[in-house]
file data17.cif (mmCIF, N, CA and C atoms)
data_my_file
loop_
_atom_site.label_atom_id
_atom_site.label_comp_id
_atom_site.auth_asym_id
_atom_site.auth_seq_id
_atom_site.Cartn_x
_atom_site.Cartn_y
_atom_site.Cartn_z
N GLN A 1 0.83 -1.19 0.00
CA GLN A 1 0.00 0.00 0.00
C GLN A 1 0.87 1.25 0.00
N VAL A 2 0.37 2.26 -0.66
CA VAL A 2 1.03 3.56 -0.70
C VAL A 2 -0.01 4.63 -0.39
N GLN A 3 0.35 5.52 0.50
CA GLN A 3 -0.51 6.66 0.81
C GLN A 3 0.15 7.92 0.27
N LEU A 4 -0.64 8.74 -0.39
CA LEU A 4 -0.13 9.95 -1.02
C LEU A 4 -0.93 11.15 -0.54
N VAL A 5 -0.24 12.20 -0.16
CA VAL A 5 -0.90 13.42 0.31
C VAL A 5 -0.30 14.62 -0.40
N GLU A 6 -1.12 15.29 -1.19
CA GLU A 6 -0.67 16.48 -1.90
C GLU A 6 -0.86 17.73 -1.06
N SER A 7 -0.06 18.73 -1.36
CA SER A 7 -0.20 20.04 -0.73
C SER A 7 0.38 21.09 -1.65
N GLY A 8 0.09 22.35 -1.33
CA GLY A 8 0.70 23.44 -2.08
C GLY A 8 -0.20 24.15 -3.05
N GLY A 9 -1.42 23.64 -3.23
CA GLY A 9 -2.33 24.31 -4.14
C GLY A 9 -2.80 25.64 -3.58
N GLY A 10 -3.48 26.41 -4.43
CA GLY A 10 -4.00 27.69 -3.97
C GLY A 10 -4.48 28.54 -5.12
N LEU A 11 -4.77 29.78 -4.79
CA LEU A 11 -5.24 30.75 -5.77
C LEU A 11 -4.10 31.70 -6.12
N VAL A 12 -3.78 31.77 -7.40
CA VAL A 12 -2.71 32.65 -7.88
C VAL A 12 -3.20 33.42 -9.10
N GLN A 13 -2.42 34.41 -9.49
CA GLN A 13 -2.72 35.15 -10.70
C GLN A 13 -1.93 34.57 -11.87
N ALA A 14 -2.43 34.81 -13.05
CA ALA A 14 -1.73 34.36 -14.24
C ALA A 14 -0.30 34.91 -14.23
N GLY A 15 0.65 34.05 -14.55
CA GLY A 15 2.04 34.42 -14.55
C GLY A 15 2.78 34.08 -13.27
N ASP A 16 2.02 33.78 -12.23
CA ASP A 16 2.64 33.41 -10.95
C ASP A 16 3.14 31.98 -10.96
N SER A 17 3.76 31.60 -9.84
CA SER A 17 4.30 30.26 -9.68
C SER A 17 3.71 29.60 -8.44
N LEU A 18 3.70 28.28 -8.47
CA LEU A 18 3.31 27.46 -7.32
C LEU A 18 4.17 26.22 -7.33
N ARG A 19 4.40 25.68 -6.14
CA ARG A 19 5.07 24.39 -6.05
C ARG A 19 4.18 23.43 -5.29
N LEU A 20 3.80 22.37 -5.96
CA LEU A 20 3.03 21.32 -5.33
C LEU A 20 3.96 20.27 -4.76
N SER A 21 3.55 19.70 -3.65
CA SER A 21 4.30 18.61 -3.03
C SER A 21 3.38 17.41 -2.86
N CYS A 22 3.98 16.24 -2.89
CA CYS A 22 3.23 15.01 -2.66
C CYS A 22 4.09 14.13 -1.76
N ALA A 23 3.62 13.93 -0.55
CA ALA A 23 4.34 13.10 0.41
C ALA A 23 3.81 11.69 0.35
N ALA A 24 4.72 10.74 0.24
CA ALA A 24 4.34 9.33 0.12
C ALA A 24 4.73 8.57 1.37
N SER A 25 3.95 7.57 1.68
CA SER A 25 4.28 6.67 2.79
C SER A 25 3.81 5.28 2.40
N GLY A 26 4.37 4.31 3.07
CA GLY A 26 4.03 2.94 2.76
C GLY A 26 5.20 2.22 2.15
N ARG A 27 5.07 1.82 0.91
CA ARG A 27 6.13 1.08 0.23
C ARG A 27 7.34 1.98 -0.04
N THR A 28 8.48 1.35 -0.25
CA THR A 28 9.72 2.09 -0.46
C THR A 28 9.60 3.05 -1.62
N PHE A 29 9.64 4.33 -1.31
CA PHE A 29 9.36 5.38 -2.28
C PHE A 29 10.33 5.35 -3.45
N SER A 30 11.58 5.06 -3.18
CA SER A 30 12.60 5.15 -4.21
C SER A 30 12.52 4.04 -5.24
N ARG A 31 11.58 3.15 -5.11
CA ARG A 31 11.49 2.02 -6.02
C ARG A 31 10.42 2.16 -7.09
N TYR A 32 9.71 3.27 -7.11
CA TYR A 32 8.65 3.35 -8.11
C TYR A 32 8.54 4.74 -8.74
N ALA A 33 7.93 4.74 -9.90
CA ALA A 33 7.73 5.98 -10.65
C ALA A 33 6.55 6.76 -10.07
N MET A 34 6.59 8.07 -10.29
CA MET A 34 5.55 8.96 -9.80
C MET A 34 5.06 9.85 -10.93
N GLY A 35 3.81 10.25 -10.82
CA GLY A 35 3.26 11.13 -11.84
C GLY A 35 2.35 12.18 -11.24
N TRP A 36 2.14 13.24 -11.99
CA TRP A 36 1.16 14.27 -11.67
C TRP A 36 0.12 14.31 -12.79
N PHE A 37 -1.12 14.39 -12.38
CA PHE A 37 -2.23 14.51 -13.31
C PHE A 37 -3.11 15.65 -12.83
N ARG A 38 -4.00 16.09 -13.70
CA ARG A 38 -4.92 17.16 -13.29
C ARG A 38 -6.28 16.94 -13.95
N GLN A 39 -7.28 17.49 -13.30
CA GLN A 39 -8.63 17.41 -13.84
C GLN A 39 -9.36 18.72 -13.59
N ALA A 40 -9.78 19.35 -14.66
CA ALA A 40 -10.56 20.57 -14.58
C ALA A 40 -12.05 20.22 -14.63
N PRO A 41 -12.90 21.09 -14.13
CA PRO A 41 -14.35 20.82 -14.14
C PRO A 41 -14.85 20.54 -15.55
N GLY A 42 -15.58 19.46 -15.70
CA GLY A 42 -16.15 19.11 -16.99
C GLY A 42 -15.18 18.50 -17.98
N LYS A 43 -13.96 18.28 -17.55
CA LYS A 43 -12.95 17.70 -18.44
C LYS A 43 -12.44 16.40 -17.87
N GLU A 44 -11.84 15.60 -18.75
CA GLU A 44 -11.25 14.36 -18.30
C GLU A 44 -9.91 14.63 -17.62
N ARG A 45 -9.53 13.69 -16.79
CA ARG A 45 -8.22 13.77 -16.16
C ARG A 45 -7.14 13.70 -17.25
N GLU A 46 -6.11 14.51 -17.09
CA GLU A 46 -5.03 14.52 -18.08
C GLU A 46 -3.67 14.43 -17.42
N PHE A 47 -2.76 13.87 -18.15
CA PHE A 47 -1.38 13.73 -17.70
C PHE A 47 -0.71 15.09 -17.68
N VAL A 48 0.12 15.30 -16.66
CA VAL A 48 0.90 16.53 -16.57
C VAL A 48 2.40 16.25 -16.65
N ALA A 49 2.88 15.38 -15.75
CA ALA A 49 4.31 15.10 -15.70
C ALA A 49 4.53 13.78 -14.98
N ALA A 50 5.68 13.17 -15.25
CA ALA A 50 6.04 11.93 -14.57
C ALA A 50 7.55 11.85 -14.42
N ILE A 51 7.97 11.02 -13.46
CA ILE A 51 9.39 10.93 -13.16
C ILE A 51 9.72 9.50 -12.75
N THR A 52 10.86 9.02 -13.19
CA THR A 52 11.30 7.68 -12.82
C THR A 52 11.82 7.64 -11.39
N TRP A 53 12.12 6.44 -10.91
CA TRP A 53 12.48 6.29 -9.50
C TRP A 53 13.69 7.13 -9.09
N SER A 54 14.65 7.23 -10.00
CA SER A 54 15.88 7.94 -9.66
C SER A 54 15.79 9.43 -9.96
N GLY A 55 14.77 9.82 -10.72
CA GLY A 55 14.68 11.21 -11.14
C GLY A 55 15.45 11.50 -12.41
N SER A 56 16.09 10.49 -12.97
CA SER A 56 16.94 10.72 -14.13
C SER A 56 16.15 10.94 -15.41
N ASN A 57 14.91 10.48 -15.43
CA ASN A 57 14.06 10.66 -16.60
C ASN A 57 12.75 11.31 -16.20
N THR A 58 12.39 12.33 -16.93
CA THR A 58 11.13 13.03 -16.69
C THR A 58 10.35 13.16 -17.99
N TYR A 59 9.06 13.29 -17.86
CA TYR A 59 8.17 13.35 -19.01
C TYR A 59 7.13 14.44 -18.74
N TYR A 60 6.75 15.15 -19.80
CA TYR A 60 5.82 16.26 -19.64
C TYR A 60 4.78 16.28 -20.75
N ALA A 61 3.60 16.75 -20.39
CA ALA A 61 2.61 17.05 -21.41
C ALA A 61 3.09 18.27 -22.19
N ASP A 62 2.75 18.31 -23.45
CA ASP A 62 3.17 19.43 -24.29
C ASP A 62 2.68 20.76 -23.73
N SER A 63 1.52 20.74 -23.11
CA SER A 63 0.92 21.98 -22.62
C SER A 63 1.68 22.61 -21.46
N VAL A 64 2.53 21.84 -20.79
CA VAL A 64 3.25 22.37 -19.64
C VAL A 64 4.76 22.36 -19.84
N LYS A 65 5.21 21.78 -20.93
CA LYS A 65 6.64 21.67 -21.17
C LYS A 65 7.29 23.06 -21.20
N GLY A 66 8.37 23.19 -20.47
CA GLY A 66 9.06 24.48 -20.40
C GLY A 66 8.57 25.38 -19.28
N ARG A 67 7.43 25.04 -18.70
CA ARG A 67 6.88 25.85 -17.59
C ARG A 67 6.85 25.08 -16.28
N PHE A 68 6.61 23.78 -16.35
CA PHE A 68 6.52 22.94 -15.15
C PHE A 68 7.76 22.06 -15.05
N THR A 69 8.13 21.76 -13.81
CA THR A 69 9.25 20.86 -13.56
C THR A 69 8.87 19.87 -12.47
N ILE A 70 9.01 18.60 -12.77
CA ILE A 70 8.78 17.56 -11.78
C ILE A 70 10.12 17.13 -11.20
N SER A 71 10.14 16.89 -9.91
CA SER A 71 11.37 16.43 -9.25
C SER A 71 10.97 15.58 -8.07
N ARG A 72 11.95 14.92 -7.49
CA ARG A 72 11.67 14.09 -6.32
C ARG A 72 12.85 14.09 -5.38
N ASP A 73 12.54 13.91 -4.11
CA ASP A 73 13.56 13.78 -3.08
C ASP A 73 13.28 12.46 -2.38
N ASN A 74 14.02 11.44 -2.75
CA ASN A 74 13.74 10.11 -2.21
C ASN A 74 14.04 10.03 -0.71
N ALA A 75 14.92 10.88 -0.24
CA ALA A 75 15.20 10.88 1.20
C ALA A 75 14.02 11.42 2.00
N LYS A 76 13.21 12.24 1.35
CA LYS A 76 12.04 12.82 2.01
C LYS A 76 10.74 12.18 1.56
N ASN A 77 10.85 11.17 0.69
CA ASN A 77 9.65 10.49 0.18
C ASN A 77 8.66 11.47 -0.42
N THR A 78 9.17 12.40 -1.18
CA THR A 78 8.33 13.48 -1.69
C THR A 78 8.62 13.74 -3.16
N VAL A 79 7.57 13.98 -3.91
CA VAL A 79 7.70 14.41 -5.30
C VAL A 79 7.10 15.81 -5.40
N TYR A 80 7.70 16.61 -6.26
CA TYR A 80 7.31 18.01 -6.38
C TYR A 80 6.88 18.32 -7.82
N LEU A 81 6.07 19.34 -7.93
CA LEU A 81 5.75 19.89 -9.24
C LEU A 81 5.87 21.40 -9.15
N GLN A 82 6.94 21.92 -9.71
CA GLN A 82 7.14 23.36 -9.77
C GLN A 82 6.43 23.90 -10.99
N MET A 83 5.51 24.81 -10.77
CA MET A 83 4.70 25.34 -11.86
C MET A 83 4.98 26.83 -11.99
N ASN A 84 5.54 27.21 -13.11
CA ASN A 84 5.85 28.61 -13.38
C ASN A 84 4.98 29.13 -14.53
N SER A 85 4.91 30.43 -14.61
CA SER A 85 4.14 31.08 -15.69
C SER A 85 2.75 30.47 -15.83
N LEU A 86 2.07 30.38 -14.72
CA LEU A 86 0.75 29.73 -14.72
C LEU A 86 -0.25 30.49 -15.58
N LYS A 87 -1.10 29.73 -16.22
CA LYS A 87 -2.14 30.27 -17.08
C LYS A 87 -3.51 29.89 -16.53
N PRO A 88 -4.54 30.61 -16.87
CA PRO A 88 -5.88 30.23 -16.41
C PRO A 88 -6.25 28.80 -16.80
N GLU A 89 -5.77 28.35 -17.93
CA GLU A 89 -6.09 26.98 -18.35
C GLU A 89 -5.36 25.90 -17.56
N ASP A 90 -4.46 26.31 -16.66
CA ASP A 90 -3.80 25.35 -15.77
C ASP A 90 -4.65 25.06 -14.53
N ALA A 91 -5.71 25.82 -14.34
CA ALA A 91 -6.55 25.63 -13.17
C ALA A 91 -7.20 24.25 -13.19
N ALA A 92 -7.08 23.54 -12.10
CA ALA A 92 -7.59 22.18 -12.01
C ALA A 92 -7.31 21.64 -10.61
N VAL A 93 -7.84 20.46 -10.36
CA VAL A 93 -7.39 19.70 -9.19
C VAL A 93 -6.21 18.85 -9.65
N TYR A 94 -5.13 18.97 -8.93
CA TYR A 94 -3.90 18.25 -9.28
C TYR A 94 -3.74 17.05 -8.36
N TYR A 95 -3.46 15.91 -8.99
CA TYR A 95 -3.31 14.66 -8.26
C TYR A 95 -1.91 14.09 -8.50
N CYS A 96 -1.31 13.58 -7.44
CA CYS A 96 -0.11 12.79 -7.65
C CYS A 96 -0.50 11.32 -7.61
N ALA A 97 0.31 10.52 -8.27
CA ALA A 97 0.01 9.11 -8.38
C ALA A 97 1.30 8.30 -8.38
N ALA A 98 1.20 7.08 -7.90
CA ALA A 98 2.35 6.18 -7.80
C ALA A 98 2.13 4.97 -8.69
N ASP A 99 3.15 4.66 -9.46
CA ASP A 99 3.14 3.47 -10.32
C ASP A 99 4.16 2.49 -9.75
N VAL A 100 3.71 1.63 -8.86
CA VAL A 100 4.64 0.76 -8.15
C VAL A 100 5.15 -0.38 -9.03
N ALA A 101 4.55 -0.55 -10.20
CA ALA A 101 5.00 -1.63 -11.10
C ALA A 101 6.19 -1.20 -11.94
N ARG A 102 6.47 0.09 -11.95
CA ARG A 102 7.56 0.60 -12.79
C ARG A 102 8.53 1.43 -11.98
N SER A 103 9.76 1.39 -12.37
CA SER A 103 10.76 2.23 -11.71
C SER A 103 11.62 2.94 -12.75
N GLY A 104 12.13 2.19 -13.73
CA GLY A 104 13.04 2.76 -14.71
C GLY A 104 12.37 3.55 -15.81
N ILE A 105 11.06 3.41 -15.92
CA ILE A 105 10.31 4.22 -16.87
C ILE A 105 9.12 4.79 -16.13
N ALA A 106 8.50 5.79 -16.71
CA ALA A 106 7.32 6.40 -16.08
C ALA A 106 6.25 6.58 -17.15
N SER A 107 5.07 6.10 -16.85
CA SER A 107 3.99 6.13 -17.82
C SER A 107 3.26 7.46 -17.83
N MET A 108 2.71 7.80 -18.98
CA MET A 108 1.84 8.97 -19.10
C MET A 108 0.37 8.57 -19.07
N ASN A 109 0.12 7.29 -18.85
CA ASN A 109 -1.23 6.76 -18.82
C ASN A 109 -1.69 6.59 -17.39
N GLY A 110 -2.67 7.34 -17.01
CA GLY A 110 -3.15 7.30 -15.65
C GLY A 110 -3.65 5.93 -15.21
N ARG A 111 -4.08 5.12 -16.13
CA ARG A 111 -4.60 3.80 -15.78
C ARG A 111 -3.51 2.88 -15.26
N GLU A 112 -2.28 3.25 -15.50
CA GLU A 112 -1.17 2.40 -15.07
C GLU A 112 -0.65 2.78 -13.69
N TYR A 113 -1.29 3.75 -13.06
CA TYR A 113 -0.91 4.16 -11.71
C TYR A 113 -1.88 3.54 -10.71
N GLU A 114 -1.31 2.91 -9.71
CA GLU A 114 -2.14 2.13 -8.78
C GLU A 114 -2.64 2.96 -7.59
N TYR A 115 -1.91 3.98 -7.23
CA TYR A 115 -2.26 4.73 -6.02
C TYR A 115 -2.36 6.22 -6.35
N TRP A 116 -3.33 6.87 -5.73
CA TRP A 116 -3.62 8.27 -6.00
C TRP A 116 -3.81 9.05 -4.70
N GLY A 117 -3.41 10.30 -4.74
CA GLY A 117 -3.70 11.19 -3.63
C GLY A 117 -5.10 11.76 -3.75
N GLN A 118 -5.44 12.60 -2.79
CA GLN A 118 -6.79 13.16 -2.74
C GLN A 118 -6.94 14.40 -3.61
N GLY A 119 -5.82 14.96 -4.04
CA GLY A 119 -5.84 16.11 -4.92
C GLY A 119 -5.68 17.43 -4.19
N THR A 120 -5.17 18.41 -4.90
CA THR A 120 -5.04 19.76 -4.37
C THR A 120 -5.49 20.74 -5.45
N GLN A 121 -6.27 21.72 -5.06
CA GLN A 121 -6.88 22.64 -6.02
C GLN A 121 -5.91 23.75 -6.41
N VAL A 122 -5.79 23.98 -7.69
CA VAL A 122 -5.02 25.11 -8.20
C VAL A 122 -5.98 26.00 -8.99
N THR A 123 -6.06 27.25 -8.60
CA THR A 123 -6.92 28.21 -9.27
C THR A 123 -6.05 29.35 -9.78
N VAL A 124 -6.22 29.70 -11.04
CA VAL A 124 -5.43 30.75 -11.66
C VAL A 124 -6.37 31.82 -12.20
N SER A 125 -6.24 33.01 -11.67
CA SER A 125 -7.08 34.12 -12.12
C SER A 125 -6.38 34.89 -13.24
N SER A 126 -7.16 35.37 -14.16
CA SER A 126 -6.57 36.10 -15.31
C SER A 126 -6.45 37.59 -15.02
#

call {"tool": "encode", "arguments": {"input": "data17.cif", "output": "structure tokens"}}
result
Amino acid sequence: QVQLVESGGGLVQAGDSLRLSCAASGRTFSRYAMGWFRQAPGKEREFVAAITWSGSNTYYADSVKGRFTISRDNAKNTVYLQMNSLKPEDAAVYYCAADVARSGIASMNGREYEYWGQGTQVTVSS
């Protein structure tokens, strides 16, 4: 079992930055890939970013590439999502997820993640 708790969401203005955190507990954090997804009202959940167990490989949705950065601190059992130059279309509930079946690669498919956090709301005003 893996428990995930996100934090760091809030209300910001367009162009601002936020850093989301996701604290994991349970299984050995350094052995599995992690991802961030988001879901806006009336829309399907979409992939945002993912990172392999070591942090050596990262993956991003085209819509956030160059603005968002995913990272992890295995000593702290935490994965981060640094979001810069936020846009109103980035507003959503952001979820972190754990893919315990993978370590050396990270999937962009949410169905391949076994554990999910409760989400944190990000609101961006124009």

call {"tool": "resolve_selection", "arguments": {"input": "data17.cif", "expression": "the PyMOL selection byres (((chain A and resi 50 and name CA) around 8) and name CA)", "output": "PyMOL selection string"}}
result
chain A and resi 33-36+48-49+51-52+58-60+70+106-108

call {"tool": "atom_distance", "arguments": {"input": "data17.cif", "atom1": "atom CA of Lys43 of chain A", "atom2": "atom C of Ala91 of chain A"}}
result
10.2 Å

call {"tool": "atom_distance", "arguments": {"input": "data17.cif", "atom1": "atom CA of Leu86 of chain A", "atom2": "atom CA of Asp16 of chain A"}}
result
5.6 Å

call {"tool": "resolve_selection", "arguments": {"input": "data17.cif", "expression": "the PyMOL selection byres ((chain A and resi 111-114) around 6.5)", "output": "number ranges by chain"}}
result
A: 97-100, 108-110, 115-116

call {"tool": "select_by_dssp", "arguments": {"input": "data17.cif", "residues": "segment 4-124 of chain A", "states": "strand (DSSP E)", "output": "CSV table (one decimal) with N, CA and C atoms, keeping the file's coordinate frame"}}
result
chain,number,residue,atom,x,y,z
A,4,LEU,N,-0.6,8.7,-0.4
A,4,LEU,CA,-0.1,10.0,-1.0
A,4,LEU,C,-0.9,11.2,-0.5
A,5,VAL,N,-0.2,12.2,-0.2
A,5,VAL,CA,-0.9,13.4,0.3
A,5,VAL,C,-0.3,14.6,-0.4
A,6,GLU,N,-1.1,15.3,-1.2
A,6,GLU,CA,-0.7,16.5,-1.9
A,6,GLU,C,-0.9,17.7,-1.1
A,7,SER,N,-0.1,18.7,-1.4
A,7,SER,CA,-0.2,20.0,-0.7
A,7,SER,C,0.4,21.1,-1.6
A,10,GLY,N,-3.5,26.4,-4.4
A,10,GLY,CA,-4.0,27.7,-4.0
A,10,GLY,C,-4.5,28.5,-5.1
A,11,LEU,N,-4.8,29.8,-4.8
A,11,LEU,CA,-5.2,30.8,-5.8
A,11,LEU,C,-4.1,31.7,-6.1
A,12,VAL,N,-3.8,31.8,-7.4
A,12,VAL,CA,-2.7,32.6,-7.9
A,12,VAL,C,-3.2,33.4,-9.1
A,13,GLN,N,-2.4,34.4,-9.5
A,13,GLN,CA,-2.7,35.2,-10.7
A,13,GLN,C,-1.9,34.6,-11.9
A,18,LEU,N,3.7,28.3,-8.5
A,18,LEU,CA,3.3,27.5,-7.3
A,18,LEU,C,4.2,26.2,-7.3
A,19,ARG,N,4.4,25.7,-6.1
A,19,ARG,CA,5.1,24.4,-6.0
A,19,ARG,C,4.2,23.4,-5.3
A,20,LEU,N,3.8,22.4,-6.0
A,20,LEU,CA,3.0,21.3,-5.3
A,20,LEU,C,4.0,20.3,-4.8
A,21,SER,N,3.6,19.7,-3.6
A,21,SER,CA,4.3,18.6,-3.0
A,21,SER,C,3.4,17.4,-2.9
A,22,CYS,N,4.0,16.2,-2.9
A,22,CYS,CA,3.2,15.0,-2.7
A,22,CYS,C,4.1,14.1,-1.8
A,23,ALA,N,3.6,13.9,-0.6
A,23,ALA,CA,4.3,13.1,0.4
A,23,ALA,C,3.8,11.7,0.4
A,24,ALA,N,4.7,10.7,0.2
A,24,ALA,CA,4.3,9.3,0.1
A,24,ALA,C,4.7,8.6,1.4
A,25,SER,N,4.0,7.6,1.7
A,25,SER,CA,4.3,6.7,2.8
A,25,SER,C,3.8,5.3,2.4
A,26,GLY,N,4.4,4.3,3.1
A,26,GLY,CA,4.0,2.9,2.8
A,26,GLY,C,5.2,2.2,2.2
A,33,ALA,N,7.9,4.7,-9.9
A,33,ALA,CA,7.7,6.0,-10.6
A,33,ALA,C,6.6,6.8,-10.1
A,34,MET,N,6.6,8.1,-10.3
A,34,MET,CA,5.6,9.0,-9.8
A,34,MET,C,5.1,9.8,-10.9
A,35,GLY,N,3.8,10.2,-10.8
A,35,GLY,CA,3.3,11.1,-11.8
A,35,GLY,C,2.4,12.2,-11.2
A,36,TRP,N,2.1,13.2,-12.0
A,36,TRP,CA,1.2,14.3,-11.7
A,36,TRP,C,0.1,14.3,-12.8
A,37,PHE,N,-1.1,14.4,-12.4
A,37,PHE,CA,-2.2,14.5,-13.3
A,37,PHE,C,-3.1,15.6,-12.8
A,38,ARG,N,-4.0,16.1,-13.7
A,38,ARG,CA,-4.9,17.2,-13.3
A,38,ARG,C,-6.3,16.9,-14.0
A,39,GLN,N,-7.3,17.5,-13.3
A,39,GLN,CA,-8.6,17.4,-13.8
A,39,GLN,C,-9.4,18.7,-13.6
A,46,GLU,N,-6.1,14.5,-17.1
A,46,GLU,CA,-5.0,14.5,-18.1
A,46,GLU,C,-3.7,14.4,-17.4
A,47,PHE,N,-2.8,13.9,-18.2
A,47,PHE,CA,-1.4,13.7,-17.7
A,47,PHE,C,-0.7,15.1,-17.7
A,48,VAL,N,0.1,15.3,-16.7
A,48,VAL,CA,0.9,16.5,-16.6
A,48,VAL,C,2.4,16.2,-16.6
A,49,ALA,N,2.9,15.4,-15.8
A,49,ALA,CA,4.3,15.1,-15.7
A,49,ALA,C,4.5,13.8,-15.0
A,50,ALA,N,5.7,13.2,-15.2
A,50,ALA,CA,6.0,11.9,-14.6
A,50,ALA,C,7.6,11.8,-14.4
A,51,ILE,N,8.0,11.0,-13.5
A,51,ILE,CA,9.4,10.9,-13.2
A,51,ILE,C,9.7,9.5,-12.8
A,58,THR,N,12.4,12.3,-16.9
A,58,THR,CA,11.1,13.0,-16.7
A,58,THR,C,10.4,13.2,-18.0
A,59,TYR,N,9.1,13.3,-17.9
A,59,TYR,CA,8.2,13.4,-19.0
A,59,TYR,C,7.1,14.4,-18.7
A,60,TYR,N,6.8,15.2,-19.8
A,60,TYR,CA,5.8,16.3,-19.6
A,60,TYR,C,4.8,16.3,-20.8
A,68,PHE,N,6.6,23.8,-16.4
A,68,PHE,CA,6.5,22.9,-15.2
A,68,PHE,C,7.8,22.1,-15.0
A,69,THR,N,8.1,21.8,-13.8
A,69,THR,CA,9.2,20.9,-13.6
A,69,THR,C,8.9,19.9,-12.5
A,70,ILE,N,9.0,18.6,-12.8
A,70,ILE,CA,8.8,17.6,-11.8
A,70,ILE,C,10.1,17.1,-11.2
A,71,SER,N,10.1,16.9,-9.9
A,71,SER,CA,11.4,16.4,-9.2
A,71,SER,C,11.0,15.6,-8.1
A,72,ARG,N,12.0,14.9,-7.5
A,72,ARG,CA,11.7,14.1,-6.3
A,72,ARG,C,12.8,14.1,-5.4
A,73,ASP,N,12.5,13.9,-4.1
A,73,ASP,CA,13.6,13.8,-3.1
A,73,ASP,C,13.3,12.5,-2.4
A,78,THR,N,9.2,12.4,-1.2
A,78,THR,CA,8.3,13.5,-1.7
A,78,THR,C,8.6,13.7,-3.2
A,79,VAL,N,7.6,14.0,-3.9
A,79,VAL,CA,7.7,14.4,-5.3
A,79,VAL,C,7.1,15.8,-5.4
A,80,TYR,N,7.7,16.6,-6.3
A,80,TYR,CA,7.3,18.0,-6.4
A,80,TYR,C,6.9,18.3,-7.8
A,81,LEU,N,6.1,19.3,-7.9
A,81,LEU,CA,5.8,19.9,-9.2
A,81,LEU,C,5.9,21.4,-9.2
A,82,GLN,N,6.9,21.9,-9.7
A,82,GLN,CA,7.1,23.4,-9.8
A,82,GLN,C,6.4,23.9,-11.0
A,83,MET,N,5.5,24.8,-10.8
A,83,MET,CA,4.7,25.3,-11.9
A,83,MET,C,5.0,26.8,-12.0
A,92,ALA,N,-7.1,23.5,-12.1
A,92,ALA,CA,-7.6,22.2,-12.0
A,92,ALA,C,-7.3,21.6,-10.6
A,93,VAL,N,-7.8,20.5,-10.4
A,93,VAL,CA,-7.4,19.7,-9.2
A,93,VAL,C,-6.2,18.8,-9.6
A,94,TYR,N,-5.1,19.0,-8.9
A,94,TYR,CA,-3.9,18.2,-9.3
A,94,TYR,C,-3.7,17.0,-8.4
A,95,TYR,N,-3.5,15.9,-9.0
A,95,TYR,CA,-3.3,14.7,-8.3
A,95,TYR,C,-1.9,14.1,-8.5
A,96,CYS,N,-1.3,13.6,-7.4
A,96,CYS,CA,-0.1,12.8,-7.6
A,96,CYS,C,-0.5,11.3,-7.6
A,97,ALA,N,0.3,10.5,-8.3
A,97,ALA,CA,0.0,9.1,-8.4
A,97,ALA,C,1.3,8.3,-8.4
A,98,ALA,N,1.2,7.1,-7.9
A,98,ALA,CA,2.4,6.2,-7.8
A,98,ALA,C,2.1,5.0,-8.7
A,99,ASP,N,3.2,4.7,-9.5
A,99,ASP,CA,3.1,3.5,-10.3
A,99,ASP,C,4.2,2.5,-9.8
A,115,TYR,N,-1.9,4.0,-7.2
A,115,TYR,CA,-2.3,4.7,-6.0
A,115,TYR,C,-2.4,6.2,-6.4
A,116,TRP,N,-3.3,6.9,-5.7
A,116,TRP,CA,-3.6,8.3,-6.0
A,116,TRP,C,-3.8,9.0,-4.7
A,120,THR,N,-5.2,18.4,-4.9
A,120,THR,CA,-5.0,19.8,-4.4
A,120,THR,C,-5.5,20.7,-5.4
A,121,GLN,N,-6.3,21.7,-5.1
A,121,GLN,CA,-6.9,22.6,-6.0
A,121,GLN,C,-5.9,23.8,-6.4
A,122,VAL,N,-5.8,24.0,-7.7
A,122,VAL,CA,-5.0,25.1,-8.2
A,122,VAL,C,-6.0,26.0,-9.0
A,123,THR,N,-6.1,27.2,-8.6
A,123,THR,CA,-6.9,28.2,-9.3
A,123,THR,C,-6.0,29.4,-9.8
A,124,VAL,N,-6.2,29.7,-11.0
A,124,VAL,CA,-5.4,30.8,-11.7
A,124,VAL,C,-6.4,31.8,-12.2

call {"tool": "atom_distance", "arguments": {"input": "data17.cif", "atom1": "atom C of Arg102 of chain A", "atom2": "atom N of Trp53 of chain A"}}
result
6.3 Å

call {"tool": "closest_residue", "arguments": {"input": "data17.cif", "among": "A:Asp90, A:Asp73, A:Glu44, A:Glu6", "to": "Ser30 of chain A", "atoms": "only C-alpha atoms"}}
result
A:Asp73

call {"tool": "residues_around", "arguments": {"input": "data17.cif", "residues": "Tyr95 of chain A", "least_positions_apart": "6", "cutoff": "7 Å", "atoms": "only N, CA and C atoms", "output": "VMD selection string"}}
result
chain A and resid 35 to 39 116 to 120

call {"tool": "decode", "arguments": {"input": "data17.cif", "residues": "segment 36-40 of chain A", "atoms": "N, CA, C and O atoms", "output": "mmCIF file, in the first residue's frame"}}
result
data_model
loop_
_atom_site.group_PDB
_atom_site.id
_atom_site.type_symbol
_atom_site.label_atom_id
_atom_site.label_comp_id
_atom_site.auth_asym_id
_atom_site.auth_seq_id
_atom_site.Cartn_x
_atom_site.Cartn_y
_atom_site.Cartn_z
ATOM 1 N N TRP A 36 2.140 13.242 -11.993
ATOM 2 C CA TRP A 36 1.161 14.270 -11.668
ATOM 3 C C TRP A 36 0.123 14.306 -12.790
ATOM 4 O O TRP A 36 0.477 14.292 -13.974
ATOM 5 N N PHE A 37 -1.117 14.387 -12.380
ATOM 6 C CA PHE A 37 -2.230 14.508 -13.309
ATOM 7 C C PHE A 37 -3.111 15.647 -12.832
ATOM 8 O O PHE A 37 -2.995 16.100 -11.703
ATOM 9 N N ARG A 38 -3.995 16.095 -13.704
ATOM 10 C CA ARG A 38 -4.922 17.155 -13.289
ATOM 11 C C ARG A 38 -6.278 16.944 -13.950
ATOM 12 O O ARG A 38 -6.387 16.303 -15.002
ATOM 13 N N GLN A 39 -7.280 17.494 -13.304
ATOM 14 C CA GLN A 39 -8.629 17.411 -13.844
ATOM 15 C C GLN A 39 -9.362 18.718 -13.590
ATOM 16 O O GLN A 39 -9.520 19.133 -12.433
ATOM 17 N N ALA A 40 -9.776 19.351 -14.663
ATOM 18 C CA ALA A 40 -10.559 20.574 -14.580
ATOM 19 C C ALA A 40 -12.047 20.224 -14.634
ATOM 20 O O ALA A 40 -12.414 19.160 -15.148
#
